[in-house]
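Pasted below: model18.csv, CSV, C-alpha atoms (C1' of nucleotides).
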chain,number,residue,atom,x,y,z
A,235,MET,CA,-24.8,-12.2,-18.6
A,236,SER,CA,-22.9,-14.1,-15.9
A,237,ASP,CA,-21.9,-12.7,-12.6
A,238,ASN,CA,-20.6,-15.7,-10.9
A,239,ALA,CA,-17.0,-14.8,-10.1
A,240,HIS,CA,-16.5,-12.4,-7.3
A,241,VAL,CA,-15.3,-9.0,-8.2
A,242,PRO,CA,-12.5,-7.6,-6.1
A,243,GLU,CA,-12.9,-4.0,-4.9
A,244,LYS,CA,-9.3,-3.3,-5.7
A,245,LEU,CA,-7.5,-4.0,-9.0
A,246,THR,CA,-3.9,-5.3,-9.1
A,247,LYS,CA,-1.1,-3.1,-10.5
A,248,ASN,CA,-1.3,-4.3,-14.1
A,249,GLN,CA,-5.1,-4.4,-14.1
A,250,SER,CA,-5.1,-0.8,-12.9
A,251,LEU,CA,-2.7,0.3,-15.6
A,252,VAL,CA,-4.7,-1.4,-18.3
A,253,MET,CA,-8.0,-0.1,-16.9
A,254,GLY,CA,-6.6,3.3,-16.8
A,255,ALA,CA,-5.6,3.1,-20.5
A,256,LEU,CA,-9.0,2.0,-21.5
A,257,GLU,CA,-10.8,4.7,-19.5
A,258,LYS,CA,-8.5,7.4,-20.9
A,259,ALA,CA,-9.2,6.3,-24.4
A,260,SER,CA,-12.0,7.8,-26.4
A,261,GLY,CA,-12.5,4.5,-28.3
A,262,PRO,CA,-11.6,0.9,-28.5
A,263,LEU,CA,-8.0,-0.1,-28.1
A,264,SER,CA,-6.2,-3.2,-29.2
A,265,ALA,CA,-4.1,-5.2,-26.7
A,266,TYR,CA,-0.9,-4.1,-28.5
A,267,THR,CA,-1.9,-0.5,-28.5
A,268,ILE,CA,-2.4,-0.7,-24.8
A,269,LEU,CA,0.9,-2.3,-24.4
A,270,ASP,CA,2.6,0.4,-26.3
A,271,GLU,CA,0.9,3.1,-24.1
A,272,LEU,CA,2.0,1.3,-21.0
A,273,ARG,CA,5.7,0.6,-21.8
A,274,ALA,CA,6.5,3.9,-20.1
A,275,GLU,CA,4.9,2.4,-16.9
A,276,GLY,CA,7.1,-0.7,-17.2
A,277,LEU,CA,5.0,-3.2,-19.1
A,278,ARG,CA,7.0,-5.2,-21.6
A,279,ALA,CA,5.1,-8.2,-22.9
A,280,PRO,CA,1.7,-8.8,-24.5
A,281,LEU,CA,0.8,-11.4,-21.9
A,282,GLN,CA,0.9,-8.8,-19.2
A,283,VAL,CA,-1.8,-6.9,-21.0
A,284,TYR,CA,-3.8,-10.0,-22.1
A,285,ARG,CA,-3.9,-11.3,-18.5
A,286,ALA,CA,-5.1,-8.0,-17.2
A,287,LEU,CA,-7.7,-7.7,-19.9
A,288,GLU,CA,-9.0,-11.2,-19.2
A,289,LYS,CA,-9.6,-10.3,-15.6
A,290,LEU,CA,-11.2,-6.9,-16.4
A,291,VAL,CA,-13.6,-8.6,-18.8
A,292,GLU,CA,-14.4,-11.2,-16.2
A,293,PHE,CA,-15.1,-8.4,-13.7
A,294,GLY,CA,-17.3,-6.6,-16.1
A,295,ARG,CA,-15.1,-3.6,-16.1
A,296,ALA,CA,-14.2,-4.0,-19.8
A,297,HIS,CA,-15.6,-5.5,-22.9
A,298,ARG,CA,-14.1,-7.2,-25.8
A,299,LEU,CA,-15.3,-6.3,-29.3
A,300,GLU,CA,-15.0,-9.5,-31.2
A,301,SER,CA,-15.4,-8.1,-34.6
A,302,ILE,CA,-12.5,-5.6,-34.3
A,303,ASN,CA,-10.2,-7.4,-31.9
A,304,ALA,CA,-10.3,-4.5,-29.5
A,305,PHE,CA,-11.3,-3.6,-25.9
A,306,VAL,CA,-13.3,-0.9,-24.3
A,307,ALA,CA,-14.0,0.2,-20.8
A,308,CYS,CA,-17.5,-0.6,-19.7
A,309,ARG,CA,-19.7,2.5,-20.0
A,310,HIS,CA,-22.7,0.8,-18.4
A,311,THR,CA,-24.6,2.9,-15.9
A,312,ASP,CA,-27.1,0.3,-14.9
A,313,CYS,CA,-25.5,-3.1,-15.4
A,314,ASP,CA,-27.9,-5.5,-13.7
A,315,GLY,CA,-27.1,-8.7,-15.5
A,316,HIS,CA,-30.6,-8.9,-16.9
A,317,LYS,CA,-29.6,-7.0,-19.9
A,318,ALA,CA,-27.9,-8.1,-23.1
A,319,ILE,CA,-25.2,-5.7,-24.2
A,320,ALA,CA,-25.2,-4.4,-27.8
A,321,PHE,CA,-22.3,-2.5,-29.3
A,322,MET,CA,-22.8,-0.1,-32.2
A,323,ILE,CA,-19.5,0.3,-34.0
A,324,CYS,CA,-19.2,3.2,-36.5
A,325,GLU,CA,-17.2,2.1,-39.5
A,326,GLN,CA,-16.5,5.8,-40.3
A,327,CYS,CA,-15.1,7.2,-37.1
A,328,GLY,CA,-14.5,4.1,-35.0
A,329,HIS,CA,-16.8,5.3,-32.3
A,330,VAL,CA,-18.5,2.6,-30.2
A,331,ARG,CA,-21.7,2.9,-28.3
A,332,GLU,CA,-22.6,0.4,-25.6
A,333,ILE,CA,-26.3,-0.2,-24.9
A,334,GLY,CA,-27.7,-2.6,-22.3
A,335,ASP,CA,-31.2,-3.8,-23.2
A,336,SER,CA,-33.4,-6.2,-21.4
A,337,ALA,CA,-35.8,-6.7,-24.3
A,338,LEU,CA,-32.9,-7.9,-26.4
A,339,ALA,CA,-31.8,-10.2,-23.6
A,340,GLY,CA,-35.3,-11.7,-23.6
A,341,GLN,CA,-35.3,-12.1,-27.3
A,342,LEU,CA,-31.9,-13.9,-27.3
A,343,GLN,CA,-33.0,-16.1,-24.4
A,344,LEU,CA,-36.1,-17.1,-26.3
A,345,LEU,CA,-34.1,-18.0,-29.4
A,346,ALA,CA,-31.8,-20.1,-27.3
A,347,GLU,CA,-34.6,-21.9,-25.6
A,348,GLN,CA,-36.2,-22.7,-28.9
A,349,SER,CA,-33.1,-24.5,-29.8
A,350,ARG,CA,-32.6,-26.0,-26.3
A,351,PHE,CA,-29.4,-24.1,-26.1
A,352,THR,CA,-28.1,-23.0,-22.7
A,353,MET,CA,-26.8,-19.5,-23.2
A,354,LYS,CA,-23.8,-18.5,-21.1
A,355,SER,CA,-23.1,-15.2,-22.7
A,356,SER,CA,-24.1,-13.2,-25.8
A,357,ILE,CA,-22.2,-11.1,-28.3
A,358,VAL,CA,-24.1,-8.5,-30.2
A,359,GLU,CA,-22.2,-6.0,-32.4
A,360,LEU,CA,-23.9,-3.8,-34.9
A,361,ARG,CA,-21.8,-2.4,-37.8
A,362,GLY,CA,-22.8,0.8,-39.4
A,363,VAL,CA,-22.6,4.5,-39.2
A,364,CYS,CA,-23.2,6.6,-36.1
A,365,CYS,CA,-25.3,9.7,-36.0
A,366,GLU,CA,-22.2,12.0,-36.0
A,367,CYS,CA,-21.0,10.7,-39.3
B,1070,MET,CA,-28.6,-7.8,-43.9
B,1071,SER,CA,-27.3,-6.3,-47.2
B,1072,ASP,CA,-27.8,-7.8,-50.6
B,1073,ASN,CA,-26.3,-5.1,-52.8
B,1074,ALA,CA,-23.6,-6.9,-54.6
B,1075,HIS,CA,-24.7,-9.2,-57.4
B,1076,VAL,CA,-24.2,-12.9,-56.7
B,1077,PRO,CA,-22.7,-14.9,-59.6
B,1078,GLU,CA,-24.3,-18.3,-60.4
B,1079,LYS,CA,-20.9,-19.8,-60.8
B,1080,LEU,CA,-18.0,-19.7,-58.3
B,1081,THR,CA,-14.4,-19.4,-59.4
B,1082,LYS,CA,-12.0,-22.2,-58.9
B,1083,ASN,CA,-10.6,-21.2,-55.6
B,1084,GLN,CA,-14.0,-20.1,-54.3
B,1085,SER,CA,-15.4,-23.6,-55.2
B,1086,LEU,CA,-12.6,-25.3,-53.4
B,1087,VAL,CA,-13.1,-23.3,-50.3
B,1088,MET,CA,-16.9,-23.6,-50.4
B,1089,GLY,CA,-16.4,-27.4,-50.8
B,1090,ALA,CA,-14.3,-27.6,-47.7
B,1091,LEU,CA,-16.8,-25.6,-45.7
B,1092,GLU,CA,-19.7,-27.7,-46.9
B,1093,LYS,CA,-17.9,-30.9,-46.2
B,1094,ALA,CA,-17.1,-29.9,-42.7
B,1095,SER,CA,-19.3,-30.6,-39.8
B,1096,GLY,CA,-18.3,-27.5,-38.0
B,1097,PRO,CA,-16.6,-24.1,-38.3
B,1098,LEU,CA,-13.2,-24.1,-39.9
B,1099,SER,CA,-10.3,-21.6,-39.6
B,1100,ALA,CA,-8.8,-20.1,-42.7
B,1101,TYR,CA,-5.6,-22.0,-42.1
B,1102,THR,CA,-7.4,-25.3,-41.5
B,1103,ILE,CA,-9.1,-24.8,-44.9
B,1104,LEU,CA,-5.7,-24.0,-46.4
B,1105,ASP,CA,-4.2,-27.2,-45.0
B,1106,GLU,CA,-7.1,-29.2,-46.4
B,1107,LEU,CA,-6.7,-27.7,-49.8
B,1108,ARG,CA,-3.0,-28.0,-50.2
B,1109,ALA,CA,-3.6,-31.3,-52.0
B,1110,GLU,CA,-5.7,-29.3,-54.6
B,1111,GLY,CA,-2.9,-26.9,-55.2
B,1112,LEU,CA,-3.5,-24.0,-52.8
B,1113,ARG,CA,-0.4,-22.7,-51.2
B,1114,ALA,CA,-0.9,-19.3,-49.5
B,1115,PRO,CA,-3.3,-18.0,-46.9
B,1116,LEU,CA,-4.4,-15.2,-49.2
B,1117,GLN,CA,-5.9,-17.6,-51.6
B,1118,VAL,CA,-8.2,-18.8,-48.9
B,1119,TYR,CA,-8.9,-15.4,-47.4
B,1120,ARG,CA,-9.8,-14.0,-50.8
B,1121,ALA,CA,-12.2,-16.8,-51.5
B,1122,LEU,CA,-13.7,-16.5,-48.1
B,1123,GLU,CA,-14.2,-12.8,-48.5
B,1124,LYS,CA,-16.2,-13.4,-51.7
B,1125,LEU,CA,-18.2,-16.3,-50.2
B,1126,VAL,CA,-19.2,-14.2,-47.3
B,1127,GLU,CA,-20.1,-11.3,-49.6
B,1128,PHE,CA,-22.3,-13.7,-51.6
B,1129,GLY,CA,-24.0,-15.0,-48.5
B,1130,ARG,CA,-22.7,-18.5,-49.1
B,1131,ALA,CA,-20.6,-18.5,-45.9
B,1132,HIS,CA,-20.5,-16.7,-42.6
B,1133,ARG,CA,-17.7,-15.6,-40.4
B,1134,LEU,CA,-17.9,-16.4,-36.7
B,1135,GLU,CA,-16.2,-13.4,-35.1
B,1136,SER,CA,-15.8,-14.8,-31.7
B,1137,ILE,CA,-13.8,-17.8,-32.8
B,1138,ASN,CA,-12.1,-16.6,-36.0
B,1139,ALA,CA,-13.7,-19.3,-38.1
B,1140,PHE,CA,-16.0,-19.8,-41.0
B,1141,VAL,CA,-19.1,-21.9,-41.7
B,1142,ALA,CA,-21.1,-22.6,-44.8
B,1143,CYS,CA,-24.5,-20.9,-44.7
B,1144,ARG,CA,-27.2,-23.4,-43.6
B,1145,HIS,CA,-30.0,-21.0,-44.1
B,1146,THR,CA,-33.0,-22.4,-45.8
B,1147,ASP,CA,-35.0,-19.2,-46.1
B,1148,CYS,CA,-32.6,-16.3,-46.2
B,1149,ASP,CA,-34.7,-13.4,-47.2
B,1150,GLY,CA,-32.6,-10.5,-45.9
B,1151,HIS,CA,-35.3,-9.4,-43.4
B,1152,LYS,CA,-33.8,-11.7,-40.8
B,1153,ALA,CA,-30.9,-11.2,-38.5
B,1154,ILE,CA,-28.7,-14.2,-38.2
B,1155,ALA,CA,-27.8,-15.6,-34.7
B,1156,PHE,CA,-25.2,-18.2,-34.2
B,1157,MET,CA,-25.3,-20.5,-31.2
B,1158,ILE,CA,-21.8,-21.8,-30.5
B,1159,CYS,CA,-21.4,-24.8,-28.2
B,1160,GLU,CA,-18.4,-24.4,-26.0
B,1161,GLN,CA,-18.3,-28.1,-25.4
B,1162,CYS,CA,-18.4,-29.7,-28.8
B,1163,GLY,CA,-17.9,-26.8,-31.1
B,1164,HIS,CA,-21.1,-27.3,-32.8
B,1165,VAL,CA,-22.7,-24.2,-34.4
B,1166,ARG,CA,-26.3,-23.6,-35.1
B,1167,GLU,CA,-27.4,-20.8,-37.4
B,1168,ILE,CA,-30.8,-19.2,-36.9
B,1169,GLY,CA,-32.4,-16.5,-39.0
B,1170,ASP,CA,-35.0,-14.5,-37.0
B,1171,SER,CA,-37.0,-11.5,-38.1
B,1172,ALA,CA,-38.1,-10.5,-34.6
B,1173,LEU,CA,-34.5,-10.3,-33.6
B,1174,ALA,CA,-33.8,-8.2,-36.7
B,1175,GLY,CA,-36.6,-5.8,-35.7
B,1176,GLN,CA,-35.3,-5.6,-32.2
B,1177,LEU,CA,-31.8,-4.7,-33.4
B,1178,GLN,CA,-33.1,-2.2,-35.9
B,1179,LEU,CA,-35.1,-0.6,-33.1
B,1180,LEU,CA,-32.1,-0.3,-30.9
B,1181,ALA,CA,-30.1,1.2,-33.7
B,1182,GLU,CA,-32.8,3.7,-34.5
B,1183,GLN,CA,-33.0,4.8,-30.8
B,1184,SER,CA,-29.3,5.7,-31.1
B,1185,ARG,CA,-29.7,7.2,-34.6
B,1186,PHE,CA,-27.3,4.6,-35.8
B,1187,THR,CA,-27.5,3.4,-39.4
B,1188,MET,CA,-27.1,-0.4,-39.1
B,1189,LYS,CA,-25.3,-2.0,-42.1
B,1190,SER,CA,-24.9,-5.5,-40.6
B,1191,SER,CA,-25.3,-7.3,-37.4
B,1192,ILE,CA,-23.3,-9.9,-35.5
B,1193,VAL,CA,-25.1,-12.1,-33.0
B,1194,GLU,CA,-23.2,-15.0,-31.4
B,1195,LEU,CA,-24.5,-16.8,-28.4
B,1196,ARG,CA,-22.0,-18.8,-26.4
B,1197,GLY,CA,-23.1,-21.7,-24.3
B,1198,VAL,CA,-23.9,-25.4,-24.4
B,1199,CYS,CA,-26.0,-27.1,-27.1
B,1200,CYS,CA,-28.8,-29.6,-26.4
B,1201,GLU,CA,-26.5,-32.6,-27.3
B,1202,CYS,CA,-24.0,-31.7,-24.6
C,889,DT,C1',4.3,-19.0,9.5
C,890,DT,C1',3.2,-21.2,6.3
C,891,DA,C1',0.8,-23.5,2.6
C,892,DG,C1',-2.1,-22.5,-1.3
C,893,DA,C1',-3.7,-19.3,-4.6
C,894,DA,C1',-3.2,-15.5,-7.5
C,895,DA,C1',-0.4,-12.3,-10.0
C,896,DT,C1',3.8,-11.2,-12.3
C,897,DG,C1',7.9,-11.5,-15.5
C,898,DT,C1',10.0,-13.4,-19.5
C,899,DT,C1',10.9,-15.9,-23.7
C,900,DA,C1',9.4,-18.2,-27.4
C,901,DT,C1',6.0,-19.5,-30.4
C,902,DA,C1',1.5,-20.2,-32.6
C,903,DC,C1',-2.3,-18.4,-34.9
C,904,DT,C1',-4.7,-14.9,-37.8
C,905,DA,C1',-4.7,-11.5,-41.5
C,906,DT,C1',-3.1,-8.1,-44.9
C,907,DT,C1',0.2,-5.4,-48.1
C,908,DA,C1',2.5,-5.2,-52.3
C,909,DC,C1',3.5,-6.6,-56.7
C,910,DA,C1',3.4,-9.5,-60.9
C,911,DA,C1',0.9,-12.2,-64.0
C,912,DG,C1',-3.0,-14.6,-66.1
C,913,DA,C1',-8.1,-15.0,-67.2
C,914,DT,C1',-12.6,-13.1,-68.5
C,915,DT,C1',-15.7,-10.0,-70.4
C,916,DG,C1',-17.5,-6.6,-73.1
C,917,DT,C1',-16.8,-3.7,-76.4
C,918,DT,C1',-14.8,-1.4,-81.0
D,1442,DA,C1',-9.7,-10.2,-83.9
D,1443,DA,C1',-7.8,-6.7,-81.0
D,1444,DC,C1',-8.3,-3.9,-77.2
D,1445,DA,C1',-9.1,-2.2,-72.6
D,1446,DA,C1',-11.2,-2.8,-68.2
D,1447,DT,C1',-12.0,-5.7,-64.6
D,1448,DC,C1',-11.5,-9.6,-62.0
D,1449,DT,C1',-8.9,-13.5,-60.3
D,1450,DT,C1',-4.8,-15.8,-59.3
D,1451,DG,C1',0.1,-16.6,-57.6
D,1452,DT,C1',3.8,-15.5,-54.5
D,1453,DA,C1',6.6,-13.6,-51.0
D,1454,DA,C1',7.0,-10.9,-47.2
D,1455,DT,C1',5.2,-8.9,-43.3
D,1456,DA,C1',1.9,-7.2,-39.8
D,1457,DG,C1',-1.2,-8.1,-36.2
D,1458,DT,C1',-3.3,-11.0,-32.5
D,1459,DA,C1',-3.0,-14.5,-28.9
D,1460,DT,C1',-1.2,-18.3,-26.0
D,1461,DA,C1',2.1,-22.0,-24.0
D,1462,DA,C1',5.5,-22.9,-20.8
D,1463,DC,C1',8.2,-22.0,-17.0
D,1464,DA,C1',10.3,-19.4,-13.1
D,1465,DT,C1',9.4,-16.1,-9.5
D,1466,DT,C1',7.0,-13.1,-6.4
D,1467,DT,C1',3.1,-11.4,-3.9
D,1468,DC,C1',-1.1,-11.9,-1.5
D,1469,DT,C1',-4.3,-14.2,1.6
D,1470,DA,C1',-6.3,-17.1,4.8
D,1471,DA,C1',-5.8,-20.9,8.1
Go ahead and render the structure in this file as structure tokens.
Amino acid sequence: MSDNAHVPEKLTKNQSLVMGALEKASGPLSAYTILDELRAEGLRAPLQVYRALEKLVEFGRAHRLESINAFVACRHTDCDGHKAIAFMICEQCGHVREIGDSALAGQLQLLAEQSRFTMKSSIVELRGVCCEC
Amino acid sequence: MSDNAHVPEKLTKNQSLVMGALEKASGPLSAYTILDELRAEGLRAPLQVYRALEKLVEFGRAHRLESINAFVACRHTDCDGHKAIAFMICEQCGHVREIGDSALAGQLQLLAEQSRFTMKSSIVELRGVCCEC
DNA sequence: TTAGAAATGTTATACTATTACAAGATTGTT
DNA sequence: AACAATCTTGTAATAGTATAACATTTCTAA
């Protein structure tokens, strides 16, 4: 929703490690799972992971799933900032699908305006069962 | 979104205590804040609060705000189950506004159907600044 | 080169949530 | 009334998630 901060072309060492772990994963990962996977690469403390995650989310390279305290790599193909992102989280298999939708963004913006609320970002997470399950 | 479970007319002792704390509060409360407030009434352990909260959420009497790990009493006047609930969370003052909207529910249902996703419940939280701030 | 900013390393701690087990209360039957 | 099934409670221990504080290093732009 917001693209204020400048996004560096190159990630730092820890950011790269964490981004790699997220991209390699088939589903969402918790910060501590990431840490465990990266101990072999030298990471030792939660904060190293949390700091990297914070930046990655800021850059739009990763997302945080609030309802499950986990993180995923951004799978967005056409992330133009005019779309709200909705996550569909399968409660059976844990699979997460990320959808960017501009109609949804408009809907949320409308709701916010009706309440004179200045929306900075939106969180949309649908819980249910995916088509595979 | 789901109204399967039957809602008892009377709350149990701990449920009443927790519901009272939520209703008295002007904003969202964390489980541990609720616990601290209710120590005077005899509550001693987090689980007593979490169990009550679980039921209250199930009954639709309270909501959980996923993005801030906190709970609020339901302020819904016309909760008919055909509406999605959106929360607007002010990052300045902490105020939370709850809005039920059927157009939003339709939008989310549409998105889910397009992905052949069976939606059980939805989480919509807008972060920003309220009209007071 | 040097000052400021950003990133890192480390320890400790705070905050959030659940597991496991025992006991008491409620409800609906025989 | 007695019984079983179910729900609620109490308690202790532990698991899981996240940040504060401080020291140090690396990067970057003037």
Each residue of chain D lying at most 9 Å from chain A should get a row with its shortest atom-to-atom pair and the distance in Å to one decimal, counting only C-alpha atoms (C1' of nucleotides); could you produce that, ordered by chain and increasing number, as a tab-separated table?
residue	atom	partner	partner_atom	distance
D:DG1457	C1'	A:Tyr266	CA	8.7
D:DT1458	C1'	A:Asn303	CA	7.8
D:DA1459	C1'	A:Tyr284	CA	8.2
D:DT1460	C1'	A:Leu281	CA	8.3
File of the preceding selection, C-alpha atoms (C1' of nucleotides), as a tab-separated table (two decimals), keeping the file's coordinate frame:
chain	number	residue	atom	x	y	z
D	1457	DG	C1'	-1.20	-8.10	-36.20
D	1458	DT	C1'	-3.30	-11.00	-32.50
D	1459	DA	C1'	-3.00	-14.50	-28.90
D	1460	DT	C1'	-1.20	-18.30	-26.00
_All residues 8 Å or closer to Ser1191 (chain B), all atoms listed in the file, same chain fewer than 4 positions away omitted, as a PyMOL selection string_ = (chain A and resi 358-361) or (chain B and resi 1070+1153-1154)
_Neighbours of chain A in chain C at 12 Å, counting all atoms listed in the file, as a PyMOL selection string_ = chain C and resi 894-900+904-905
*Computed interatomic separation between CA of Glu1078 (chain B) and CA of Gly1150 (chain B) (Å)*: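 Distance reported for this atom pair: 18.4 Å.
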Using every C-alpha atom paired in order, could you least-squares fit chain A onto chain B and give me the moved chain as a compact mmCIF listing (two decimals) with C-alpha atoms, keeping the file's coordinate frame?
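Printed below is out_32.txt as written:
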# COMPACT_ATOMS: atom_id res chain seq x y z
CA MET A 235 -28.58 -7.81 -43.89
CA SER A 236 -27.26 -6.34 -47.15
CA ASP A 237 -27.79 -7.81 -50.53
CA ASN A 238 -26.42 -5.17 -52.70
CA ALA A 239 -23.63 -6.91 -54.60
CA HIS A 240 -24.70 -9.25 -57.29
CA VAL A 241 -24.16 -12.87 -56.68
CA PRO A 242 -22.65 -14.84 -59.52
CA GLU A 243 -24.31 -18.18 -60.35
CA LYS A 244 -20.95 -19.79 -60.75
CA LEU A 245 -18.04 -19.70 -58.26
CA THR A 246 -14.41 -19.34 -59.41
CA LYS A 247 -11.95 -22.23 -58.91
CA ASN A 248 -10.64 -21.16 -55.51
CA GLN A 249 -14.08 -20.11 -54.26
CA SER A 250 -15.37 -23.55 -55.22
CA LEU A 251 -12.57 -25.32 -53.42
CA VAL A 252 -13.07 -23.29 -50.29
CA MET A 253 -16.87 -23.66 -50.47
CA GLY A 254 -16.47 -27.29 -50.86
CA ALA A 255 -14.29 -27.50 -47.71
CA LEU A 256 -16.78 -25.62 -45.70
CA GLU A 257 -19.75 -27.70 -46.87
CA LYS A 258 -17.87 -30.95 -46.18
CA ALA A 259 -17.08 -29.85 -42.70
CA SER A 260 -19.34 -30.68 -39.82
CA GLY A 261 -18.35 -27.44 -38.02
CA PRO A 262 -16.56 -24.19 -38.29
CA LEU A 263 -13.17 -24.11 -39.90
CA SER A 264 -10.39 -21.60 -39.60
CA ALA A 265 -8.81 -20.10 -42.74
CA TYR A 266 -5.57 -22.04 -42.05
CA THR A 267 -7.38 -25.27 -41.55
CA ILE A 268 -9.01 -24.80 -44.89
CA LEU A 269 -5.74 -24.06 -46.42
CA ASP A 270 -4.24 -27.18 -45.07
CA GLU A 271 -7.19 -29.27 -46.46
CA LEU A 272 -6.76 -27.69 -49.83
CA ARG A 273 -2.95 -27.97 -50.32
CA ALA A 274 -3.61 -31.29 -52.04
CA GLU A 275 -5.75 -29.31 -54.60
CA GLY A 276 -2.87 -26.88 -55.18
CA LEU A 277 -3.53 -24.01 -52.81
CA ARG A 278 -0.39 -22.68 -51.21
CA ALA A 279 -0.94 -19.35 -49.49
CA PRO A 280 -3.35 -17.98 -46.89
CA LEU A 281 -4.38 -15.14 -49.17
CA GLN A 282 -5.83 -17.57 -51.63
CA VAL A 283 -8.17 -18.80 -48.95
CA TYR A 284 -8.85 -15.35 -47.40
CA ARG A 285 -9.81 -13.92 -50.82
CA ALA A 286 -12.15 -16.76 -51.50
CA LEU A 287 -13.70 -16.50 -48.09
CA GLU A 288 -14.24 -12.76 -48.48
CA LYS A 289 -16.20 -13.34 -51.64
CA LEU A 290 -18.25 -16.26 -50.20
CA VAL A 291 -19.21 -14.11 -47.22
CA GLU A 292 -20.15 -11.29 -49.53
CA PHE A 293 -22.31 -13.72 -51.53
CA GLY A 294 -23.97 -15.01 -48.46
CA ARG A 295 -22.72 -18.46 -49.04
CA ALA A 296 -20.58 -18.45 -45.87
CA HIS A 297 -20.45 -16.77 -42.55
CA ARG A 298 -17.71 -15.62 -40.39
CA LEU A 299 -17.87 -16.33 -36.65
CA GLU A 300 -16.17 -13.38 -35.11
CA SER A 301 -15.76 -14.77 -31.71
CA ILE A 302 -13.85 -17.91 -32.83
CA ASN A 303 -12.09 -16.65 -35.93
CA ALA A 304 -13.70 -19.33 -38.03
CA PHE A 305 -16.02 -19.81 -41.05
CA VAL A 306 -19.05 -21.85 -41.78
CA ALA A 307 -21.11 -22.60 -44.80
CA CYS A 308 -24.46 -20.91 -44.72
CA ARG A 309 -27.14 -23.36 -43.57
CA HIS A 310 -29.98 -20.90 -44.17
CA THR A 311 -33.06 -22.36 -45.80
CA ASP A 312 -35.01 -19.18 -46.04
CA CYS A 313 -32.54 -16.31 -46.26
CA ASP A 314 -34.69 -13.32 -47.18
CA GLY A 315 -32.57 -10.49 -45.90
CA HIS A 316 -35.24 -9.48 -43.43
CA LYS A 317 -33.82 -11.69 -40.84
CA ALA A 318 -30.94 -11.18 -38.44
CA ILE A 319 -28.72 -14.22 -38.18
CA ALA A 320 -27.85 -15.62 -34.72
CA PHE A 321 -25.19 -18.25 -34.17
CA MET A 322 -25.29 -20.56 -31.16
CA ILE A 323 -21.79 -21.85 -30.53
CA CYS A 324 -21.42 -24.83 -28.14
CA GLU A 325 -18.33 -24.39 -26.02
CA GLN A 326 -18.35 -28.17 -25.32
CA CYS A 327 -18.48 -29.75 -28.74
CA GLY A 328 -17.86 -26.82 -31.06
CA HIS A 329 -21.14 -27.29 -32.79
CA VAL A 330 -22.71 -24.17 -34.34
CA ARG A 331 -26.32 -23.58 -35.06
CA GLU A 332 -27.41 -20.83 -37.43
CA ILE A 333 -30.86 -19.29 -36.90
CA GLY A 334 -32.39 -16.52 -39.00
CA ASP A 335 -34.98 -14.51 -37.06
CA SER A 336 -36.98 -11.57 -38.14
CA ALA A 337 -38.08 -10.60 -34.64
CA LEU A 338 -34.45 -10.25 -33.67
CA ALA A 339 -33.80 -8.19 -36.78
CA GLY A 340 -36.61 -5.86 -35.70
CA GLN A 341 -35.29 -5.62 -32.22
CA LEU A 342 -31.74 -4.73 -33.43
CA GLN A 343 -33.15 -2.21 -35.90
CA LEU A 344 -35.10 -0.55 -33.14
CA LEU A 345 -32.03 -0.30 -30.91
CA ALA A 346 -30.10 1.24 -33.75
CA GLU A 347 -32.77 3.75 -34.51
CA GLN A 348 -32.93 4.79 -30.91
CA SER A 349 -29.36 5.72 -31.16
CA ARG A 350 -29.69 7.18 -34.70
CA PHE A 351 -27.32 4.55 -35.85
CA THR A 352 -27.53 3.30 -39.44
CA MET A 353 -27.06 -0.43 -39.23
CA LYS A 354 -25.27 -2.07 -42.15
CA SER A 355 -24.93 -5.50 -40.72
CA SER A 356 -25.31 -7.31 -37.38
CA ILE A 357 -23.28 -9.92 -35.55
CA VAL A 358 -25.03 -12.03 -33.01
CA GLU A 359 -23.20 -15.01 -31.44
CA LEU A 360 -24.47 -16.81 -28.43
CA ARG A 361 -21.96 -18.81 -26.32
CA GLY A 362 -23.14 -21.72 -24.33
CA VAL A 363 -23.94 -25.34 -24.41
CA CYS A 364 -26.04 -27.10 -27.04
CA CYS A 365 -28.76 -29.56 -26.30
CA GLU A 366 -26.51 -32.57 -27.22
CA CYS A 367 -24.00 -31.74 -24.56
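In this model, the gap between CA of Ala255 (chain A) and CA of Ala307 (chain A) comes to 8.9 Å.
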*What is the CA of Leu1104 (chain B) to CA of Gly1163 (chain B) distance in Å?*
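Interatomic distance, CA of Leu1104 (chain B) to CA of Gly1163 (chain B): 19.8 Å.
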